[in-house]
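Have a look at final_2.cif; it's mmCIF, C-alpha atoms and all ligand atoms:
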data_entry
loop_
_atom_site.label_atom_id
_atom_site.label_comp_id
_atom_site.auth_asym_id
_atom_site.auth_seq_id
_atom_site.Cartn_x
_atom_site.Cartn_y
_atom_site.Cartn_z
CA MET A 143 13.92 19.49 25.45
CA ALA A 144 16.09 18.68 22.46
CA SER A 145 16.98 15.35 20.81
CA ASN A 146 13.53 13.86 20.56
CA SER A 147 13.94 13.06 16.86
CA PHE A 148 15.64 10.07 15.35
CA GLY A 149 16.64 9.13 11.76
CA LYS A 150 17.73 11.21 8.75
CA LEU A 151 15.27 10.37 5.96
CA PHE A 152 12.73 8.36 7.96
CA THR A 153 12.54 10.69 10.93
CA VAL A 154 10.64 9.83 14.08
CA THR A 155 9.90 12.46 16.69
CA THR A 156 8.25 11.30 19.89
CA PHE A 157 6.50 13.41 22.53
CA GLY A 158 4.64 12.95 25.79
CA GLU A 159 5.20 11.92 29.38
CA SER A 160 4.29 8.82 31.35
CA HIS A 161 1.40 10.48 33.20
CA GLY A 162 0.49 13.25 30.77
CA PRO A 163 -2.76 13.09 28.79
CA ALA A 164 -1.17 11.34 25.81
CA ILE A 165 1.99 10.15 24.12
CA GLY A 166 2.62 10.38 20.41
CA CYS A 167 4.99 10.56 17.50
CA VAL A 168 5.38 12.19 14.12
CA ILE A 169 7.00 10.15 11.36
CA ASP A 170 8.34 12.28 8.53
CA GLY A 171 9.69 10.77 5.33
CA CYS A 172 7.66 7.58 5.13
CA PRO A 173 7.36 6.54 1.47
CA PRO A 174 3.85 6.97 0.04
CA GLY A 175 1.52 4.12 -0.87
CA LEU A 176 2.10 1.80 2.10
CA GLU A 177 -1.18 0.28 3.29
CA ILE A 178 -1.58 0.76 7.04
CA ALA A 179 -4.58 0.53 9.37
CA PRO A 180 -4.89 1.24 13.13
CA GLU A 181 -5.45 -2.50 13.84
CA GLU A 182 -1.99 -3.32 12.47
CA PHE A 183 -0.36 -1.65 15.47
CA ARG A 184 -2.20 -3.89 17.93
CA ARG A 185 0.08 -6.95 17.88
CA ASP A 186 3.37 -5.16 18.61
CA LEU A 187 1.81 -2.71 21.08
CA ASP A 188 0.35 -5.67 22.98
CA ARG A 189 3.73 -7.40 22.97
CA ARG A 190 5.28 -4.33 24.63
CA ALA A 191 2.37 -3.50 26.93
CA THR A 192 2.29 -3.72 30.71
CA GLY A 193 -0.18 -5.78 32.73
CA ARG A 194 -0.49 -8.66 30.27
CA THR A 195 1.19 -11.16 32.64
CA ARG A 196 2.16 -11.16 36.33
CA HIS A 197 5.82 -10.80 35.31
CA THR A 198 5.51 -7.18 34.16
CA SER A 199 4.28 -3.91 35.67
CA GLN A 200 0.54 -4.06 36.46
CA ARG A 201 -0.26 -0.70 34.85
CA GLN A 202 -3.20 -1.41 32.49
CA GLU A 203 -2.99 0.72 29.36
CA SER A 204 -5.19 -0.07 26.37
CA ASP A 205 -2.68 1.55 23.98
CA ASP A 206 -5.28 2.34 21.32
CA ILE A 207 -3.60 4.14 18.47
CA GLU A 208 -5.13 7.10 16.65
CA ILE A 209 -3.76 8.02 13.24
CA LEU A 210 -4.13 11.80 13.00
CA SER A 211 -2.48 12.48 9.65
CA GLY A 212 -0.42 11.13 6.78
CA VAL A 213 -2.75 8.25 5.89
CA TYR A 214 -5.60 8.62 3.39
CA GLN A 215 -7.96 5.81 2.45
CA GLY A 216 -5.71 3.37 4.28
CA ARG A 217 -2.44 4.31 2.57
CA THR A 218 0.46 6.53 3.56
CA THR A 219 0.49 9.76 1.56
CA GLY A 220 4.14 10.74 2.03
CA THR A 221 3.18 13.54 4.41
CA PRO A 222 3.94 13.47 8.15
CA ILE A 223 2.22 10.60 9.94
CA ALA A 224 1.05 11.65 13.40
CA LEU A 225 0.16 8.87 15.86
CA VAL A 226 -1.31 9.37 19.32
CA ILE A 227 -2.13 7.10 22.26
CA ARG A 228 -4.10 8.44 25.25
CA ASN A 229 -2.77 7.55 28.71
CA THR A 230 -5.68 6.02 30.60
CA ASP A 231 -4.15 4.34 33.66
CA ALA A 232 -1.75 6.92 35.08
CA ARG A 233 -1.76 6.88 38.90
CA SER A 234 0.36 9.88 39.85
CA LYS A 235 -0.35 9.45 43.55
CA ASP A 236 1.95 6.41 43.44
CA TYR A 237 4.81 8.83 43.05
CA GLY A 238 3.83 11.48 45.59
CA SER A 239 6.25 10.23 48.21
CA ILE A 240 9.27 10.26 45.89
CA ALA A 241 8.50 13.56 44.12
CA GLU A 242 11.34 15.26 46.00
CA GLN A 243 13.65 12.26 46.29
CA PHE A 244 16.18 10.95 43.80
CA ARG A 245 15.71 7.23 43.12
CA PRO A 246 19.18 5.65 42.87
CA GLY A 247 19.65 4.14 39.43
CA HIS A 248 16.86 6.21 37.83
CA ALA A 249 17.06 9.47 35.88
CA ASP A 250 15.68 11.66 38.71
CA TYR A 251 19.00 13.18 39.80
CA THR A 252 20.35 13.83 36.30
CA TYR A 253 17.09 15.38 34.97
CA TRP A 254 17.04 17.63 38.05
CA GLN A 255 20.66 18.69 37.54
CA LYS A 256 20.16 19.33 33.84
CA TYR A 257 16.79 21.08 33.70
CA GLY A 258 16.42 22.46 37.21
CA LEU A 259 12.95 20.90 37.45
CA ARG A 260 11.30 17.61 36.54
CA ASP A 261 7.97 15.88 36.13
CA PRO A 262 8.17 13.14 38.77
CA ARG A 263 4.89 11.45 37.80
CA GLY A 264 5.87 7.98 36.69
CA GLY A 265 9.31 9.19 35.66
CA GLY A 266 7.86 11.80 33.25
CA ARG A 267 9.76 11.81 29.99
CA SER A 268 12.40 9.39 31.30
CA SER A 269 9.76 6.66 31.65
CA ALA A 270 9.81 3.73 29.24
CA ARG A 271 6.23 4.71 28.38
CA GLU A 272 7.88 6.73 25.61
CA THR A 273 9.06 3.51 23.96
CA THR A 274 5.43 2.72 23.07
CA MET A 275 5.70 5.23 20.25
CA ARG A 276 8.96 3.74 19.01
CA VAL A 277 7.16 0.41 18.76
CA ALA A 278 4.30 2.09 16.87
CA ALA A 279 6.71 3.72 14.40
CA GLY A 280 8.52 0.39 14.14
CA VAL A 281 5.32 -1.27 12.91
CA ILE A 282 5.38 0.98 9.85
CA ALA A 283 9.13 0.45 9.39
CA LYS A 284 8.83 -3.34 9.61
CA LYS A 285 5.96 -3.43 7.16
CA TRP A 286 7.77 -1.31 4.60
CA LEU A 287 10.97 -3.36 4.94
CA ALA A 288 9.05 -6.61 4.49
CA GLU A 289 7.04 -5.42 1.50
CA ARG A 290 9.77 -3.52 -0.30
CA TYR A 291 12.78 -5.73 0.41
CA GLY A 292 11.50 -8.94 2.05
CA VAL A 293 13.45 -8.02 5.20
CA THR A 294 12.26 -9.51 8.50
CA VAL A 295 13.27 -8.27 11.95
CA ARG A 296 12.82 -10.67 14.87
CA GLY A 297 13.82 -10.40 18.51
CA PHE A 298 14.07 -12.76 21.44
CA MET A 299 15.28 -12.82 25.01
CA SER A 300 18.72 -14.41 25.21
CA GLN A 301 19.39 -14.16 28.96
CA ILE A 302 17.56 -13.36 32.22
CA GLY A 303 19.92 -13.07 35.15
CA GLU A 304 22.16 -16.13 34.90
CA ILE A 305 19.69 -18.17 32.83
CA VAL A 306 20.51 -18.66 29.14
CA PRO A 307 18.44 -20.50 26.52
CA ASN A 308 19.21 -24.17 25.96
CA ALA A 309 17.89 -23.87 22.37
CA TYR A 310 17.26 -21.16 19.79
CA ASP A 311 13.87 -21.97 18.30
CA LEU A 312 12.38 -18.69 17.07
CA SER A 313 8.98 -20.34 16.63
CA ALA A 314 8.78 -20.65 20.44
CA VAL A 315 9.34 -16.94 21.08
CA GLU A 316 5.76 -15.70 20.68
CA GLU A 317 4.33 -18.59 22.68
CA ASN A 318 5.54 -17.44 26.11
CA PRO A 319 5.56 -14.15 28.08
CA PHE A 320 9.37 -13.95 28.10
CA PHE A 321 10.01 -14.04 24.33
CA TRP A 322 12.16 -17.04 25.19
CA PRO A 323 13.44 -19.27 22.37
CA ALA A 324 13.35 -22.54 24.34
CA ALA A 325 9.84 -23.74 25.27
CA ASP A 326 10.98 -26.28 27.88
CA GLN A 327 12.57 -23.57 30.08
CA VAL A 328 9.46 -21.43 30.47
CA GLY A 329 8.44 -23.15 33.74
CA GLU A 330 11.89 -22.49 35.19
CA LEU A 331 11.63 -18.81 34.21
CA GLU A 332 8.14 -18.51 35.78
CA THR A 333 9.45 -19.91 39.07
CA TYR A 334 12.51 -17.66 38.95
CA MET A 335 10.47 -14.52 38.28
CA ASP A 336 7.87 -15.37 40.95
CA ALA A 337 10.63 -15.73 43.57
CA LEU A 338 12.29 -12.53 42.40
CA ARG A 339 9.05 -10.55 42.59
CA LYS A 340 8.37 -11.89 46.08
CA SER A 341 11.84 -10.81 47.21
CA GLY A 342 11.18 -7.27 45.98
CA ASP A 343 14.30 -7.30 43.84
CA SER A 344 14.86 -7.05 40.08
CA VAL A 345 17.22 -8.55 37.51
CA GLY A 346 18.90 -7.67 34.22
CA ALA A 347 18.38 -9.27 30.83
CA ARG A 348 19.73 -9.57 27.32
CA VAL A 349 17.68 -9.21 24.14
CA ASP A 350 18.91 -10.31 20.70
CA VAL A 351 17.58 -9.13 17.36
CA VAL A 352 18.22 -10.74 14.00
CA ALA A 353 17.27 -9.25 10.65
CA ASP A 354 17.16 -11.44 7.55
CA GLY A 355 16.92 -10.60 3.88
CA LEU A 356 19.03 -7.43 3.88
CA PRO A 357 20.76 -6.72 0.61
CA PRO A 358 24.44 -5.81 0.75
CA GLY A 359 25.10 -2.07 0.75
CA TRP A 360 23.05 -0.51 3.54
CA GLY A 361 25.02 1.74 5.89
CA GLU A 362 27.06 4.90 5.40
CA PRO A 363 30.73 5.16 6.22
CA ILE A 364 32.11 7.02 8.07
CA TYR A 365 29.79 8.64 10.58
CA GLY A 366 26.59 6.89 9.57
CA LYS A 367 27.80 3.32 9.80
CA LEU A 368 25.05 0.74 10.08
CA ASP A 369 26.57 -0.65 13.28
CA GLY A 370 27.07 2.87 14.63
CA ASP A 371 23.44 3.76 14.00
CA LEU A 372 22.28 0.48 15.54
CA ALA A 373 24.40 1.01 18.64
CA ALA A 374 23.04 4.54 19.10
CA ALA A 375 19.45 3.41 18.49
CA LEU A 376 19.59 0.48 20.89
CA MET A 377 21.56 2.41 23.48
CA SER A 378 18.85 5.11 23.41
CA ILE A 379 16.37 2.62 24.93
CA ASN A 380 15.83 3.06 28.67
CA ALA A 381 17.99 0.90 30.94
CA VAL A 382 20.34 -0.26 28.18
CA LYS A 383 23.95 -0.61 29.30
CA GLY A 384 25.53 -2.48 26.41
CA VAL A 385 25.12 -3.27 22.72
CA GLU A 386 26.96 -5.94 20.78
CA ILE A 387 27.07 -6.51 17.03
CA GLY A 388 27.86 -10.01 15.81
CA ASP A 389 30.26 -11.70 18.23
CA GLY A 390 30.47 -8.43 20.17
CA PHE A 391 32.83 -8.38 23.13
CA ALA A 392 33.76 -12.02 22.54
CA VAL A 393 36.02 -10.79 19.70
CA VAL A 394 38.52 -9.74 22.35
CA ALA A 395 39.43 -13.37 23.01
CA SER A 396 39.19 -14.58 19.42
CA LYS A 397 41.88 -15.00 16.76
CA GLY A 398 41.75 -13.22 13.42
CA SER A 399 42.11 -16.54 11.64
CA GLU A 400 38.83 -17.67 13.20
CA HIS A 401 36.96 -14.38 13.27
CA ARG A 402 37.26 -13.25 9.65
CA ASP A 403 34.33 -14.67 7.73
CA GLN A 404 35.59 -16.53 4.67
CA LEU A 405 34.02 -15.84 1.29
CA SER A 406 33.64 -18.24 -1.60
CA ARG A 407 31.37 -18.30 -4.63
CA SER A 408 29.05 -20.55 -2.62
CA GLY A 409 28.68 -17.97 0.14
CA PHE A 410 30.04 -16.70 3.45
CA ALA A 411 31.36 -19.56 5.59
CA SER A 412 30.48 -17.86 8.91
CA ASN A 413 29.05 -14.67 10.35
CA HIS A 414 31.16 -13.47 13.27
CA ALA A 415 30.81 -9.90 11.99
CA GLY A 416 27.03 -9.93 12.48
CA GLY A 417 26.32 -8.99 8.87
CA ILE A 418 28.21 -5.69 8.79
CA LEU A 419 31.66 -4.86 7.39
CA GLY A 420 32.99 -1.32 7.11
CA GLY A 421 29.69 -0.05 8.46
CA ILE A 422 27.83 -1.57 5.47
CA SER A 423 25.55 -4.61 5.36
CA THR A 424 27.11 -7.72 3.81
CA GLY A 425 23.79 -9.34 2.88
CA GLN A 426 24.15 -11.84 5.73
CA GLN A 427 21.92 -12.05 8.77
CA LEU A 428 22.22 -8.93 10.91
CA ARG A 429 22.82 -9.87 14.54
CA CYS A 430 22.78 -7.55 17.52
CA SER A 431 22.41 -8.00 21.24
CA THR A 432 21.40 -5.54 23.95
CA ALA A 433 22.04 -5.65 27.71
CA PHE A 434 19.37 -4.28 30.06
CA LYS A 435 20.16 -3.39 33.66
CA PRO A 436 17.88 -4.47 36.52
CA THR A 437 14.98 -2.15 37.39
CA SER A 438 16.11 0.46 39.89
CA SER A 439 12.71 1.31 41.45
CA LEU A 440 12.31 -1.24 44.22
CA ARG A 441 10.33 -1.52 47.44
CA LEU A 442 13.62 -2.50 49.13
CA PRO A 443 14.94 0.57 51.02
CA VAL A 444 18.01 2.38 49.67
CA ARG A 445 20.01 5.45 50.69
CA SER A 446 19.72 8.64 48.67
CA VAL A 447 19.29 12.41 48.96
CA ASP A 448 16.36 14.71 48.24
CA ILE A 449 16.17 17.95 46.26
CA HIS A 450 16.99 19.91 49.41
CA GLY A 451 20.20 17.94 49.96
CA ASN A 452 18.90 15.91 52.93
CA GLU A 453 19.89 12.28 53.22
CA VAL A 454 16.79 10.09 52.87
CA GLU A 455 15.78 6.47 52.65
CA VAL A 456 13.93 5.75 49.42
CA ILE A 457 11.29 3.05 49.10
CA THR A 458 9.54 2.91 45.73
CA THR A 459 6.01 1.63 45.74
CA GLY A 460 3.79 1.80 42.64
CA ARG A 461 3.85 -0.52 39.67
CA HIS A 462 7.24 -1.53 38.32
CA ASP A 463 8.72 -4.18 36.05
CA PRO A 464 10.83 -6.72 37.99
CA CYS A 465 12.82 -7.26 34.77
CA VAL A 466 12.57 -4.46 32.23
CA GLY A 467 14.10 -6.72 29.57
CA ILE A 468 10.90 -8.79 29.41
CA ARG A 469 9.01 -6.05 27.58
CA ALA A 470 12.06 -4.86 25.67
CA THR A 471 12.04 -7.37 22.81
CA PRO A 472 9.53 -5.46 20.63
CA ILE A 473 11.30 -2.20 21.48
CA CYS A 474 14.65 -3.55 20.26
CA GLU A 475 13.00 -4.91 17.12
CA ALA A 476 11.43 -1.50 16.48
CA MET A 477 14.72 0.37 16.87
CA VAL A 478 16.51 -2.03 14.50
CA ALA A 479 13.69 -1.69 11.95
CA LEU A 480 13.79 2.11 12.20
CA VAL A 481 17.55 2.14 11.58
CA LEU A 482 17.15 -0.21 8.63
CA VAL A 483 14.39 1.74 6.91
CA ASP A 484 16.35 4.96 7.36
CA GLN A 485 19.52 3.38 5.95
CA ALA A 486 17.58 1.77 3.09
CA LEU A 487 16.22 5.17 2.06
CA ARG A 488 19.65 6.79 2.44
CA HIS A 489 21.22 4.07 0.30
CA ARG A 490 18.52 4.50 -2.33
CA ALA A 491 19.04 8.27 -2.35
CA GLN A 492 22.79 8.17 -2.92
CA CYS A 493 23.46 4.82 -4.57
CA GLY A 494 20.13 3.81 -6.10
CA ASP A 495 21.64 4.10 -9.61
CA VAL A 496 24.48 1.68 -8.82
CA GLY A 497 22.14 -1.29 -9.03
CA VAL A 498 23.23 -4.87 -8.35
CA VAL A 499 26.99 -5.35 -8.62
CA SER A 500 28.53 -8.74 -9.41
CA PRO A 501 29.49 -11.02 -7.71
CA ARG A 502 26.80 -11.03 -5.04
CA ILE A 503 27.45 -14.11 -2.97
CA PRO A 504 24.95 -16.04 -0.83
CA ALA A 505 24.55 -15.01 2.81
CA GLN A 506 25.39 -18.56 3.91
CA LEU A 507 27.26 -21.42 2.32
CA GLU A 508 25.00 -23.16 -0.18
CA LEU A 509 25.59 -26.82 0.54
CA ASP A 510 25.67 -29.28 -2.29
CA ALA A 511 22.38 -31.21 -2.15
CA ASP A 512 24.27 -34.50 -2.61
CA ALA A 513 26.86 -33.74 0.05
C1 LIG A 601 10.33 -1.77 28.87
C2 LIG A 601 10.93 -1.01 30.02
C3 LIG A 601 10.24 -0.91 31.20
C4 LIG A 601 10.80 -0.23 32.28
N1 LIG A 601 10.10 -0.20 33.46
C5 LIG A 601 10.66 0.38 34.53
C6 LIG A 601 9.98 0.36 35.79
O1 LIG A 601 8.89 -0.19 35.93
N2 LIG A 601 10.57 0.98 36.84
C7 LIG A 601 11.80 1.58 36.73
O2 LIG A 601 12.30 2.11 37.70
N3 LIG A 601 12.46 1.62 35.55
C8 LIG A 601 11.93 1.03 34.47
N4 LIG A 601 12.61 1.05 33.28
C9 LIG A 601 13.95 1.66 33.21
C10 LIG A 601 13.93 3.18 33.33
O3 LIG A 601 13.09 3.76 32.36
C11 LIG A 601 15.38 3.68 33.20
O4 LIG A 601 16.21 2.98 34.06
C12 LIG A 601 15.46 5.16 33.54
O5 LIG A 601 14.83 5.92 32.55
C13 LIG A 601 16.91 5.66 33.66
O6 LIG A 601 17.57 5.54 32.45
P1 LIG A 601 18.85 4.61 32.25
O7 LIG A 601 18.60 3.36 33.03
O8 LIG A 601 18.90 4.34 30.77
O9 LIG A 601 20.04 5.33 32.76
C14 LIG A 601 12.08 0.38 32.16
C15 LIG A 601 12.76 0.29 30.95
C16 LIG A 601 12.22 -0.41 29.88
C17 LIG A 601 12.99 -0.52 28.60
#
If you convert what's in this file into structure tokens, what do you get?
Amino acid sequence: MASNSFGKLFTVTTFGESHGPAIGCVIDGCPPGLEIAPEEFRRDLDRRATGRTRHTSQRQESDDIEILSGVYQGRTTGTPIALVIRNTDARSKDYGSIAEQFRPGHADYTYWQKYGLRDPRGGGRSSARETTMRVAAGVIAKKWLAERYGVTVRGFMSQIGEIVPNAYDLSAVEENPFFWPAADQVGELETYMDALRKSGDSVGARVDVVADGLPPGWGEPIYGKLDGDLAAALMSINAVKGVEIGDGFAVVASKGSEHRDQLSRSGFASNHAGGILGGISTGQQLRCSTAFKPTSSLRLPVRSVDIHGNEVEVITTGRHDPCVGIRATPICEAMVALVLVDQALRHRAQCGDVGVVSPRIPAQLELDADA
């Protein structure tokens, strides 16, 4: 199966299926000398993992990472880094009844049409289990970005169903199971999700990622634009149906006089562009937003067909996420970090000799302290 690799200079190749013995990735092109230990993967893998709260799938995976190569005495060597996680809680019998049926809204029908066969156990390669390895690779990307450039990449949930945050306090995000930026709404979300789970239905969600500290200059016009790479990376996550950069689709209703971000020596006056102009970072905060569809595997019956062409009623039992967006925040962060590290290396390769060009203006207006 082709297209399992991502990135030009920092290349990540993932492998493995949901219910196979293991999943893994190979990262080629990581700069040497970065300190990394297996424990450093724990935090982000736990943030993505199932079974940590009642609001996600109850599959219990320990997600213990093994570093097979590319790290010597705790530091990256510049050679391929191979990471592996053993699958320990795969219950293939959960999928026995739907092995020959196409779940509406899942990848069963299209994989069957394309390859002429498929691994139905837990969705096989189309399962979001694969995203575990993106998160693992993202840990390395985030660390390098932070150490080398002081860049931080942070995500949060910005909508579940019709509910939107009433505040954007990023310090609240890690304190609740929804990655929600408004602490006082967590009770409302718990009640909403409990009712949803009881009903057997699912709901969509939106996840935002912001990256701070980027220098101007990352991104390659024409076909390697930073926004283009971000859109492709985020769109490659399971269940994603939309990606916005900056104001996104709201630009349709806006006026040019409002949308263009004014520059002065004191800085950019606004950031409708989301930190990217001409496919290149401006040095402002990078802002992107990703729309996740509702989980398609439900215990509510639905019409479909099977591999023999018979009409069937599909009921999906097994362990599923009632809102896939809940676990998607670390995945979106990882994909943004992977794009950024790749673009940083590409910029360094072609334009590293250019150095800092004047004037470099502040990302935001610097307000006069006396004003
Ligand atoms: C974190 C995460 C968890 C997911 N969990 C489930 C799940 O439990 N059940 C399910 O049917 N789909 C789940 N999905 C979505 C499917 O993987 C996805 O819908 C499927 O591969 C078809 O691809 P598409 O929706 O991108 O077209 C999840 C997606 C993500 C990002």
TODO: Compile the contact shell of A:Pro323 as a PyMOL selection string: residues with an atom at most 8 Å away, counting all atoms listed in the file, same-chain residues fewer than 6 positions apart removed.
DONE: chain A and resi 298-300+307+309-315
Do you have, as a tab-separated table, the list of residues of chain A lying at most 7 Å from ligand LIG 601 (chain A), each with its nearest atom pair and that distance in Å to one decimal, counting only C-alpha atoms and all ligand atoms and ordered by chain then number?
residue	atom	partner	partner_atom	distance
A:Ser199	CA	A:LIG601	O1	5.9
A:Gly247	CA	A:LIG601	O4	6.5
A:His248	CA	A:LIG601	C13	4.2
A:Ala249	CA	A:LIG601	C13	4.4
A:Ser268	CA	A:LIG601	O5	4.4
A:Ser269	CA	A:LIG601	O3	4.5
A:Ala270	CA	A:LIG601	O3	4.5
A:Ile379	CA	A:LIG601	C17	5.9
A:Asn380	CA	A:LIG601	O8	3.9
A:Ala381	CA	A:LIG601	O7	3.3
A:Val382	CA	A:LIG601	O8	5.5
A:Lys435	CA	A:LIG601	O7	7.0
A:Thr437	CA	A:LIG601	N3	4.9
A:Ser438	CA	A:LIG601	O2	4.7
A:Ser439	CA	A:LIG601	O2	3.9
A:Arg461	CA	A:LIG601	O1	6.3
A:His462	CA	A:LIG601	O1	3.2
A:Asp463	CA	A:LIG601	O1	4.0
A:Val466	CA	A:LIG601	C3	4.4
A:Gly467	CA	A:LIG601	C1	6.3
A:Arg469	CA	A:LIG601	C1	4.7
A:Ala470	CA	A:LIG601	C1	4.8
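For the pair atom CA of A:Ser239 and atom CA of A:Thr458, the interatomic distance is 8.4 Å.
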Open item on the list: Could you tell me how far atom CA of A:Arg217 sits from atom CA of A:Gly361, in Å to one decimal place?
Closed with: 27.8 Å
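Proximity to A:Thr424 was assessed for A:Phe321, A:Trp360, A:Trp286, A:Tyr365 counting only C-alpha atoms; the smallest distance is recorded for A:Trp360.
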Open item on the list: Report as JSON, numbers by chain all protein, DNA and RNA residues lying within 12 Å of A:Arg276, evaluated on only C-alpha atoms, omitting residues in the same chain fewer than 5 positions from it.
Closed with: {"A": [146, 147, 148, 149, 153, 154, 155, 156, 157, 165, 166, 167, 168, 169, 183, 186, 187, 190, 225, 226, 270, 271, 281, 282, 283, 284, 375, 376, 378, 379, 380, 470, 472, 473, 474, 475, 476, 477, 478, 479, 480, 481]}
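Across the model, the gap from atom CA of A:Tyr291 to atom CA of A:Asn413 is 21.1 Å.
When only C-alpha atoms are used to compute distances to A:Thr218, the closest of the residues A:Gly425, A:Gly238, A:Gly158, A:Pro174 turns out to be A:Pro174.
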- [ ] Go ahead and find all residues with at least one atom no further than 6 Å from (20.2, -14.1, 9.1) in the file's coordinates, using only C-alpha atoms; report them as a PyMOL selection string.
- [x] chain A and resi 353-354+426-428
- [ ] Could you give me, as a PyMOL selection string, the residues that sit within 12 Å of (24.7, 6.6, 2.6) in the file's coordinates, counting all atoms listed in the file?
- [x] chain A and resi 150-151+359-368+371+421-423+482+484-494
Task: Among listed residues A:Arg194, A:Lys340, A:His161, A:Arg407, nearest A:Ser500 (using all atoms listed in the file) - done: A:Arg407
